[in-house]
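To be precise, the following lines are structure04.tsv, and they hold TSV, C-alpha atoms.
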```tsv
chain	number	residue	atom	x	y	z
A	1	MET	CA	0.00	0.00	0.00
A	2	THR	CA	1.08	3.55	-0.59
A	3	THR	CA	1.52	6.07	2.24
A	4	VAL	CA	-1.09	8.84	2.37
A	5	ASN	CA	0.17	12.37	3.02
A	6	PRO	CA	-2.80	14.54	3.96
A	7	ILE	CA	-0.68	17.69	3.85
A	8	THR	CA	0.00	17.60	0.13
A	9	ALA	CA	-2.88	15.38	-0.93
A	10	THR	CA	-0.87	14.25	-3.95
A	11	ASN	CA	-2.03	10.65	-3.53
A	12	ALA	CA	-5.61	9.63	-2.80
A	13	ALA	CA	-4.70	6.01	-2.02
A	14	THR	CA	-5.03	4.49	1.44
A	15	GLN	CA	-2.75	2.44	3.69
A	16	ALA	CA	-2.92	0.23	6.76
A	17	PRO	CA	-3.90	1.72	10.10
A	18	GLY	CA	-1.15	3.12	12.28
A	19	THR	CA	1.37	3.80	9.49
A	20	THR	CA	0.27	7.26	8.31
A	21	LYS	CA	2.66	10.10	9.11
A	22	VAL	CA	1.35	13.64	9.34
A	23	ALA	CA	3.53	16.75	9.49
A	24	GLU	CA	3.19	18.66	12.75
A	25	ALA	CA	1.38	22.00	12.56
A	26	PRO	CA	3.33	25.10	13.63
A	27	THR	CA	2.86	25.96	17.28
A	28	THR	CA	1.66	29.42	16.29
A	29	GLN	CA	-1.47	28.09	14.58
A	30	SER	CA	-4.89	28.18	16.19
A	31	ASN	CA	-6.60	25.48	18.24
A	32	ASP	CA	-9.12	24.97	15.43
A	33	TYR	CA	-6.31	24.25	13.02
A	34	GLN	CA	-4.76	21.72	15.41
A	35	MET	CA	-8.10	20.04	16.05
A	36	PHE	CA	-8.81	19.66	12.35
A	37	LEU	CA	-5.42	18.05	11.84
A	38	LYS	CA	-6.00	15.57	14.68
A	39	LEU	CA	-9.44	14.60	13.41
A	40	LEU	CA	-8.20	14.05	9.87
A	41	THR	CA	-5.25	11.97	11.09
A	42	ALA	CA	-7.49	9.85	13.33
A	43	GLN	CA	-9.87	9.23	10.46
A	44	ILE	CA	-7.06	7.98	8.21
A	45	LYS	CA	-5.53	5.79	10.92
A	46	ASN	CA	-8.81	4.11	11.80
A	47	GLN	CA	-10.29	3.53	8.38
A	48	ASP	CA	-11.19	-0.01	7.32
A	49	PRO	CA	-8.37	-1.39	5.12
A	50	LEU	CA	-10.94	-3.53	3.30
A	51	SER	CA	-13.16	-0.51	2.67
A	52	PRO	CA	-10.86	2.50	2.34
A	53	MET	CA	-12.03	6.08	2.23
A	54	ASP	CA	-13.48	7.23	-1.04
A	55	ALA	CA	-10.83	9.14	-3.01
A	56	THR	CA	-13.19	12.00	-3.86
A	57	GLN	CA	-14.20	12.40	-0.23
A	58	PHE	CA	-10.56	12.40	0.85
A	59	VAL	CA	-9.66	15.09	-1.67
A	60	GLN	CA	-12.56	17.22	-0.41
A	61	GLN	CA	-11.34	16.88	3.17
A	62	THR	CA	-7.75	17.73	2.30
A	63	ALA	CA	-9.03	20.74	0.35
A	64	THR	CA	-10.87	21.83	3.48
A	65	PHE	CA	-7.65	21.36	5.42
A	66	SER	CA	-5.85	23.62	2.95
A	67	GLN	CA	-8.54	26.29	3.36
A	68	VAL	CA	-8.20	26.17	7.13
A	69	GLU	CA	-4.42	26.48	6.82
A	70	GLN	CA	-4.72	29.48	4.53
A	71	ALA	CA	-7.23	31.13	6.90
A	72	VAL	CA	-4.83	30.70	9.83
A	73	LYS	CA	-1.99	32.19	7.82
A	74	ALA	CA	-4.20	35.10	6.77
A	75	ASN	CA	-5.14	35.82	10.40
A	76	THR	CA	-1.49	35.74	11.39
A	77	THR	CA	-0.64	38.18	8.59
A	78	LEU	CA	-3.48	40.52	9.57
A	79	SER	CA	-2.37	40.50	13.21
A	80	SER	CA	1.16	41.37	12.14
A	81	LEU	CA	-0.13	44.15	9.89
A	82	GLN	CA	-2.26	45.55	12.72
A	83	ALA	CA	0.76	45.64	15.03
A	84	THR	CA	2.82	47.40	12.36
A	85	LEU	CA	0.11	50.01	11.75
A	86	SER	CA	-0.28	50.59	15.47
A	87	SER	CA	3.46	51.14	15.84
A	88	THR	CA	3.46	53.54	12.87
A	89	MET	CA	0.55	55.56	14.29
A	90	SER	CA	2.28	55.80	17.66
A	91	ARG	CA	5.40	57.23	16.02
A	92	MET	CA	3.26	59.71	14.10
A	93	ASP	CA	1.55	60.79	17.34
A	94	ALA	CA	4.98	61.78	18.68
A	95	GLY	CA	4.83	64.64	16.17
A	96	TYR	CA	2.27	66.38	18.41
A	97	ILE	CA	4.92	67.13	21.02
A	98	GLY	CA	5.50	70.90	21.26
A	99	ARG	CA	2.46	71.73	19.16
A	100	THR	CA	-0.62	73.57	20.32
A	101	VAL	CA	-3.79	71.56	19.93
A	102	GLU	CA	-7.45	72.39	20.23
A	103	ALA	CA	-9.46	69.50	21.58
A	104	SER	CA	-13.07	68.83	22.43
A	105	VAL	CA	-12.97	67.73	26.06
A	106	ASP	CA	-15.13	68.23	29.14
A	107	ARG	CA	-12.21	68.54	31.56
A	108	PHE	CA	-8.78	70.11	31.67
A	109	ALA	CA	-5.86	70.70	34.03
A	110	PHE	CA	-5.39	74.35	35.02
A	111	ASP	CA	-1.75	75.31	35.60
A	112	GLY	CA	-2.51	78.49	37.53
A	113	SER	CA	-1.95	80.93	34.66
A	114	THR	CA	-4.47	81.09	31.81
A	115	MET	CA	-6.63	78.70	29.84
A	116	LYS	CA	-7.68	79.48	26.30
A	117	MET	CA	-11.05	78.12	25.22
A	118	ALA	CA	-13.45	78.40	22.30
A	119	TYR	CA	-17.07	77.51	21.72
A	120	ALA	CA	-19.75	77.41	19.06
A	121	ALA	CA	-23.49	77.52	19.69
A	122	SER	CA	-25.43	78.02	16.48
A	123	GLY	CA	-28.74	79.83	16.93
A	124	ALA	CA	-28.21	80.56	20.62
A	125	THR	CA	-29.39	83.81	22.19
A	126	THR	CA	-27.89	83.04	25.60
A	127	VAL	CA	-24.55	81.32	26.20
A	128	ALA	CA	-22.88	80.53	29.52
A	129	ILE	CA	-19.60	78.65	29.95
A	130	ASN	CA	-19.40	77.00	33.36
A	131	ILE	CA	-16.09	75.96	34.91
A	132	SER	CA	-16.36	73.54	37.83
A	133	ASP	CA	-13.85	72.10	40.25
A	134	ALA	CA	-13.17	68.38	40.73
A	135	ASP	CA	-16.14	68.15	43.13
A	136	GLY	CA	-18.57	69.59	40.58
A	137	ASN	CA	-18.85	73.04	42.21
A	138	ILE	CA	-19.08	75.89	39.69
A	139	VAL	CA	-16.17	78.26	40.34
A	140	ARG	CA	-16.63	80.54	37.37
A	141	THR	CA	-19.37	81.32	34.86
A	142	ILE	CA	-18.35	83.23	31.74
A	143	GLN	CA	-21.11	84.81	29.68
A	144	GLY	CA	-20.61	84.06	26.00
A	145	VAL	CA	-21.48	86.11	22.95
A	146	PRO	CA	-24.74	84.98	21.29
A	147	GLY	CA	-24.67	84.18	17.61
A	148	SER	CA	-23.23	81.67	15.21
A	149	GLY	CA	-19.63	80.82	14.51
A	150	ARG	CA	-16.57	80.26	16.60
A	151	GLN	CA	-16.05	82.43	19.67
A	152	GLU	CA	-12.89	82.51	21.81
A	153	ILE	CA	-12.56	83.21	25.52
A	154	VAL	CA	-9.71	83.09	28.04
A	155	TRP	CA	-10.00	82.14	31.71
A	156	ASP	CA	-7.29	83.68	33.86
A	157	GLY	CA	-8.22	81.61	36.91
A	158	THR	CA	-10.47	84.21	38.49
A	159	ARG	CA	-13.38	82.70	40.39
A	160	ASN	CA	-16.89	84.18	40.58
A	161	ASP	CA	-16.05	85.66	44.00
A	162	GLY	CA	-12.94	87.37	42.65
A	163	SER	CA	-10.44	85.02	44.25
A	164	LYS	CA	-7.82	83.08	42.34
A	165	ALA	CA	-8.49	79.45	41.51
A	166	ALA	CA	-5.83	76.96	42.47
A	167	ALA	CA	-4.04	74.86	39.92
A	168	GLY	CA	-5.70	71.49	39.41
A	169	ASP	CA	-8.28	69.56	37.45
A	170	TYR	CA	-11.44	71.32	36.30
A	171	ARG	CA	-14.50	70.55	34.21
A	172	ILE	CA	-15.94	72.77	31.52
A	173	GLY	CA	-19.47	72.86	30.15
A	174	ILE	CA	-21.66	75.13	28.08
A	175	ALA	CA	-25.30	76.07	28.52
A	176	ALA	CA	-26.76	77.54	25.33
A	177	ALA	CA	-30.41	78.24	24.54
A	178	ASP	CA	-32.46	79.88	21.80
A	179	LYS	CA	-34.98	82.71	22.23
A	180	ASP	CA	-37.60	80.22	23.42
A	181	GLY	CA	-35.31	78.88	26.10
A	182	LYS	CA	-34.70	75.58	24.33
A	183	ALA	CA	-31.22	74.10	24.44
A	184	VAL	CA	-29.27	74.24	21.17
A	185	ASP	CA	-26.37	72.18	19.92
A	186	SER	CA	-23.08	73.53	21.21
A	187	LEU	CA	-19.43	72.63	21.43
A	188	VAL	CA	-16.68	73.83	23.74
A	189	VAL	CA	-12.96	73.17	23.28
A	190	VAL	CA	-9.74	73.97	25.12
A	191	THR	CA	-6.37	74.93	23.68
A	192	GLN	CA	-3.03	73.86	25.12
A	193	ARG	CA	0.40	72.70	24.02
A	194	VAL	CA	1.25	68.99	24.01
A	195	ARG	CA	4.03	68.24	26.47
A	196	GLU	CA	4.31	64.48	26.22
A	197	VAL	CA	3.00	61.51	24.25
A	198	VAL	CA	2.41	58.17	25.97
A	199	MET	CA	2.41	55.47	23.32
A	200	GLY	CA	-0.62	53.19	23.23
A	201	THR	CA	-0.28	49.50	23.98
A	202	GLY	CA	-2.14	46.58	22.50
A	203	GLY	CA	-3.29	48.61	19.51
A	204	GLY	CA	-4.83	51.34	21.68
A	205	GLU	CA	-4.62	55.08	21.06
A	206	SER	CA	-1.71	57.12	22.33
A	207	THR	CA	-2.37	59.52	25.19
A	208	LEU	CA	-1.33	63.15	24.74
A	209	VAL	CA	-0.32	64.95	27.93
A	210	LEU	CA	-0.95	68.70	27.77
A	211	GLU	CA	1.28	71.30	29.39
A	212	GLY	CA	-1.31	71.88	32.08
A	213	GLY	CA	-1.31	68.18	32.94
A	214	GLY	CA	-4.54	67.27	31.18
A	215	LYS	CA	-4.72	64.16	29.03
A	216	ILE	CA	-6.46	63.73	25.69
A	217	TYR	CA	-6.49	61.30	22.78
A	218	PRO	CA	-5.53	62.14	19.18
A	219	SER	CA	-9.17	61.53	18.21
A	220	ASP	CA	-10.18	64.44	20.51
A	221	ILE	CA	-8.12	66.94	18.50
A	222	ILE	CA	-9.95	69.45	16.31
A	223	SER	CA	-6.99	71.53	15.11
A	224	VAL	CA	-3.22	71.71	15.47
A	225	SER	CA	-1.00	74.79	15.27
A	226	GLU	CA	2.59	75.80	15.96
A	227	GLY	CA	3.81	78.04	18.78
A	228	THR	CA	2.48	78.87	22.22
A	229	VAL	CA	-1.06	79.50	23.25
A	230	GLY	CA	-2.15	83.10	23.01
A	231	THR	CA	-3.82	84.95	25.83
A	232	SER	CA	-6.00	87.32	23.93
A	233	SER	CA	-9.68	86.58	23.39
```

Target format structure tokens, applied to this file:
Amino acid sequence: MTTVNPITATNAATQAPGTTKVAEAPTTQSNDYQMFLKLLTAQIKNQDPLSPMDATQFVQQTATFSQVEQAVKANTTLSSLQATLSSTMSRMDAGYIGRTVEASVDRFAFDGSTMKMAYAASGATTVAINISDADGNIVRTIQGVPGSGRQEIVWDGTRNDGSKAAAGDYRIGIAAADKDGKAVDSLVVVTQRVREVVMGTGGGESTLVLEGGGKIYPSDIISVSEGTVGTSS
């Protein structure tokens, strides 16, 4: 009898039980791949020598084996490509260091000097930007300019009572309404320079650390510019 090699499937003949040799699958392949190989090998080893497996059926099974092998290789290639792309994006994110970014966030770290912000509230007749401390207490409310388009404001750390706010983490929100008192769509952003980039792991996004200590993701960025943050509104 001839020896059957289910890896190449070049011969569709059968042989006596216990004499078939099957190449070992690479250790990097999936459990499904390994299981398929074991099942196929067991089937060949335990077939009836007097009634061997139909050649057409065997070819179909080895073709299925080949498809599984190709799928495993494709998954391995895609995983490698994903890791390469993630590494490339992380290196690109390092280009944000030293640049001033404008990001849509609901919190920021105040360094004790000034914080430049901008907002947009289309169709609003009343606009109020509320700055709260880490406990949710409003420390400053800045009245915005009604109307459409981008509007810029600067907070110098002055609280509503005239005292100076301490450096630390703060939240920012906007309350905008139309002439009927109904809330309108609005957006508020902060502007700071990127001080550090913490590379993402496991395919995750990098974290950008702002000069005030706040942290954002590249996906939060609306615009990027060179130089320092201005202090004029």

Given all atoms listed in the file as the counted atoms, nearest of A:Thr126, A:Ser186, A:Asn75, A:Ser206 to Pro146 (chain A): A:Thr126

All residues 9 Å or closer to Lys215 (chain A), only C-alpha atoms, same chain fewer than 6 positions away omitted, as a ChimeraX atom specification: /A:108-109,207-209

Return as AutoDock Vina command-line options the centre and edge lengths, in Å with one decimal, of the box along x, y and z that encloses every atom of region 173-188 of chain A in the file, padded by 8 Å per side.
```
--center_x -27.1 --center_y 77.4 --center_z 25.0 --size_x 36.9 --size_y 26.5 --size_z 26.2
```

Shell around Thr158 (chain A) at 10 Å using only C-alpha atoms, local window under 2 positions removed, as a PDB file with C-alpha atoms, in the frame of the given file:
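This went into out.pdb:
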```pdb
ATOM      1  CA  GLY A 112      -2.510  78.490  37.530  1.00  0.00           C
ATOM      2  CA  SER A 113      -1.950  80.930  34.660  1.00  0.00           C
ATOM      3  CA  THR A 114      -4.470  81.090  31.810  1.00  0.00           C
ATOM      4  CA  VAL A 139     -16.170  78.260  40.340  1.00  0.00           C
ATOM      5  CA  ARG A 140     -16.630  80.540  37.370  1.00  0.00           C
ATOM      6  CA  TRP A 155     -10.000  82.140  31.710  1.00  0.00           C
ATOM      7  CA  ASP A 156      -7.290  83.680  33.860  1.00  0.00           C
ATOM      8  CA  ASN A 160     -16.890  84.180  40.580  1.00  0.00           C
ATOM      9  CA  ASP A 161     -16.050  85.660  44.000  1.00  0.00           C
ATOM     10  CA  GLY A 162     -12.940  87.370  42.650  1.00  0.00           C
ATOM     11  CA  SER A 163     -10.440  85.020  44.250  1.00  0.00           C
ATOM     12  CA  LYS A 164      -7.820  83.080  42.340  1.00  0.00           C
ATOM     13  CA  ALA A 165      -8.490  79.450  41.510  1.00  0.00           C
ATOM     14  CA  ALA A 166      -5.830  76.960  42.470  1.00  0.00           C
TER      15      ALA A 166
END
```

Pairwise distance for CA of Gly204 (chain A) and CA of Met92 (chain A), rounded to one decimal in Å: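 We find that CA of Gly204 (chain A) and CA of Met92 (chain A) lie 13.9 Å from each other.
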
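Distance-wise, CA of Ala118 (chain A) and CA of Ile216 (chain A) end up 16.6 Å apart.
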
Given all atoms listed in the file as the counted atoms, nearest of A:Ile174, A:Ala128, A:Met199, A:Val188 to Asp220 (chain A):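 When distances to Asp220 (chain A) are compared using all atoms listed in the file, the smallest one comes from A:Val188.
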
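The environment of Val101 (chain A) within 8 Å, counting all atoms listed in the file and disregarding residues fewer than 4 places along the same chain, consists of Thr191, Gln192, Arg193, Val194, Ile221, Ile222, Ser223, Val224 and Ser225 of chain A.
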
Shortest interatomic distance to Gly95 (chain A) - which of A:Glu211, A:Glu196, A:Asp185, A:Glu205, counting all atoms listed in the file: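 Once distances to Gly95 (chain A) are computed over all atoms listed in the file, the minimum belongs to A:Glu196.
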
Using only C-alpha atoms, which residues sit within 12 Å of Val184 (chain A) once same-chain residues fewer than 5 positions away are excluded, as an mmCIF file with C-alpha atoms, in the frame of the given file?
```cif
data_model
loop_
_atom_site.group_PDB
_atom_site.id
_atom_site.type_symbol
_atom_site.label_atom_id
_atom_site.label_comp_id
_atom_site.auth_asym_id
_atom_site.auth_seq_id
_atom_site.Cartn_x
_atom_site.Cartn_y
_atom_site.Cartn_z
ATOM 1 C CA ALA A 120 -19.750 77.410 19.060
ATOM 2 C CA ALA A 121 -23.490 77.520 19.690
ATOM 3 C CA SER A 122 -25.430 78.020 16.480
ATOM 4 C CA GLY A 123 -28.740 79.830 16.930
ATOM 5 C CA ALA A 124 -28.210 80.560 20.620
ATOM 6 C CA THR A 125 -29.390 83.810 22.190
ATOM 7 C CA THR A 126 -27.890 83.040 25.600
ATOM 8 C CA VAL A 127 -24.550 81.320 26.200
ATOM 9 C CA PRO A 146 -24.740 84.980 21.290
ATOM 10 C CA GLY A 147 -24.670 84.180 17.610
ATOM 11 C CA SER A 148 -23.230 81.670 15.210
ATOM 12 C CA ILE A 174 -21.660 75.130 28.080
ATOM 13 C CA ALA A 175 -25.300 76.070 28.520
ATOM 14 C CA ALA A 176 -26.760 77.540 25.330
ATOM 15 C CA ALA A 177 -30.410 78.240 24.540
ATOM 16 C CA ASP A 178 -32.460 79.880 21.800
ATOM 17 C CA LYS A 179 -34.980 82.710 22.230
#
```

Computed interatomic separation between CA of Ser132 (chain A) and CA of Arg159 (chain A) (Å): 10.0 Å

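For the choices A:Ala63, A:Leu39, A:Ile44, A:Ile172, the atom-to-atom distance to Asn137 (chain A) is smallest for A:Ile172 when using all atoms listed in the file.
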
Can you rebuild region 106-134 of chain A with N, CA and C atoms and give it as a compact mmCIF listing (two decimals), in the coordinates of the input?
```txt
# COMPACT_ATOMS: atom_id res chain seq x y z
N ASP A 106 -14.27 67.65 28.09
CA ASP A 106 -15.13 68.23 29.14
C ASP A 106 -14.36 68.49 30.42
N ARG A 107 -13.05 68.28 30.38
CA ARG A 107 -12.21 68.54 31.56
C ARG A 107 -10.83 68.98 31.11
N PHE A 108 -10.14 69.67 31.99
CA PHE A 108 -8.78 70.11 31.67
C PHE A 108 -8.02 70.33 32.97
N ALA A 109 -6.70 70.43 32.87
CA ALA A 109 -5.86 70.70 34.03
C ALA A 109 -5.42 72.16 33.95
N PHE A 110 -5.75 72.93 34.97
CA PHE A 110 -5.39 74.35 35.02
C PHE A 110 -4.04 74.49 35.71
N ASP A 111 -3.11 75.20 35.05
CA ASP A 111 -1.75 75.31 35.60
C ASP A 111 -1.54 76.55 36.46
N GLY A 112 -2.62 77.31 36.68
CA GLY A 112 -2.51 78.49 37.53
C GLY A 112 -2.32 79.78 36.77
N SER A 113 -2.15 79.71 35.44
CA SER A 113 -1.95 80.93 34.66
C SER A 113 -3.21 81.27 33.86
N THR A 114 -3.29 80.82 32.64
CA THR A 114 -4.47 81.09 31.81
C THR A 114 -4.87 79.84 31.03
N MET A 115 -6.12 79.79 30.65
CA MET A 115 -6.63 78.70 29.84
C MET A 115 -7.43 79.29 28.69
N LYS A 116 -6.98 78.98 27.48
CA LYS A 116 -7.68 79.48 26.30
C LYS A 116 -8.74 78.48 25.88
N MET A 117 -9.94 78.97 25.60
CA MET A 117 -11.05 78.12 25.22
C MET A 117 -11.79 78.72 24.04
N ALA A 118 -12.61 77.92 23.40
CA ALA A 118 -13.45 78.40 22.30
C ALA A 118 -14.75 77.62 22.33
N TYR A 119 -15.78 78.19 21.75
CA TYR A 119 -17.07 77.51 21.72
C TYR A 119 -17.83 77.89 20.46
N ALA A 120 -18.84 77.12 20.16
CA ALA A 120 -19.75 77.41 19.06
C ALA A 120 -21.13 76.96 19.48
N ALA A 121 -22.11 77.83 19.30
CA ALA A 121 -23.49 77.52 19.69
C ALA A 121 -24.41 78.17 18.66
N SER A 122 -24.64 77.47 17.57
CA SER A 122 -25.43 78.02 16.48
C SER A 122 -26.88 78.27 16.89
N GLY A 123 -27.35 79.49 16.65
CA GLY A 123 -28.74 79.83 16.93
C GLY A 123 -29.02 80.18 18.38
N ALA A 124 -28.00 80.26 19.20
CA ALA A 124 -28.21 80.56 20.62
C ALA A 124 -28.37 82.06 20.85
N THR A 125 -29.24 82.42 21.78
CA THR A 125 -29.39 83.81 22.19
C THR A 125 -28.78 84.04 23.56
N THR A 126 -28.58 82.95 24.31
CA THR A 126 -27.89 83.04 25.60
C THR A 126 -26.84 81.92 25.66
N VAL A 127 -25.65 82.29 26.11
CA VAL A 127 -24.55 81.32 26.20
C VAL A 127 -23.83 81.53 27.53
N ALA A 128 -23.62 80.46 28.27
CA ALA A 128 -22.88 80.53 29.52
C ALA A 128 -21.91 79.37 29.58
N ILE A 129 -20.63 79.68 29.81
CA ILE A 129 -19.60 78.65 29.95
C ILE A 129 -19.34 78.48 31.44
N ASN A 130 -19.56 77.28 31.94
CA ASN A 130 -19.40 77.00 33.36
C ASN A 130 -18.14 76.18 33.61
N ILE A 131 -17.31 76.66 34.53
CA ILE A 131 -16.09 75.96 34.91
C ILE A 131 -16.27 75.46 36.34
N SER A 132 -16.13 74.16 36.52
CA SER A 132 -16.36 73.54 37.83
C SER A 132 -15.09 72.88 38.34
N ASP A 133 -15.00 72.77 39.67
CA ASP A 133 -13.85 72.10 40.25
C ASP A 133 -14.05 70.58 40.21
N ALA A 134 -13.12 69.85 40.78
CA ALA A 134 -13.17 68.38 40.73
C ALA A 134 -14.38 67.82 41.45
```
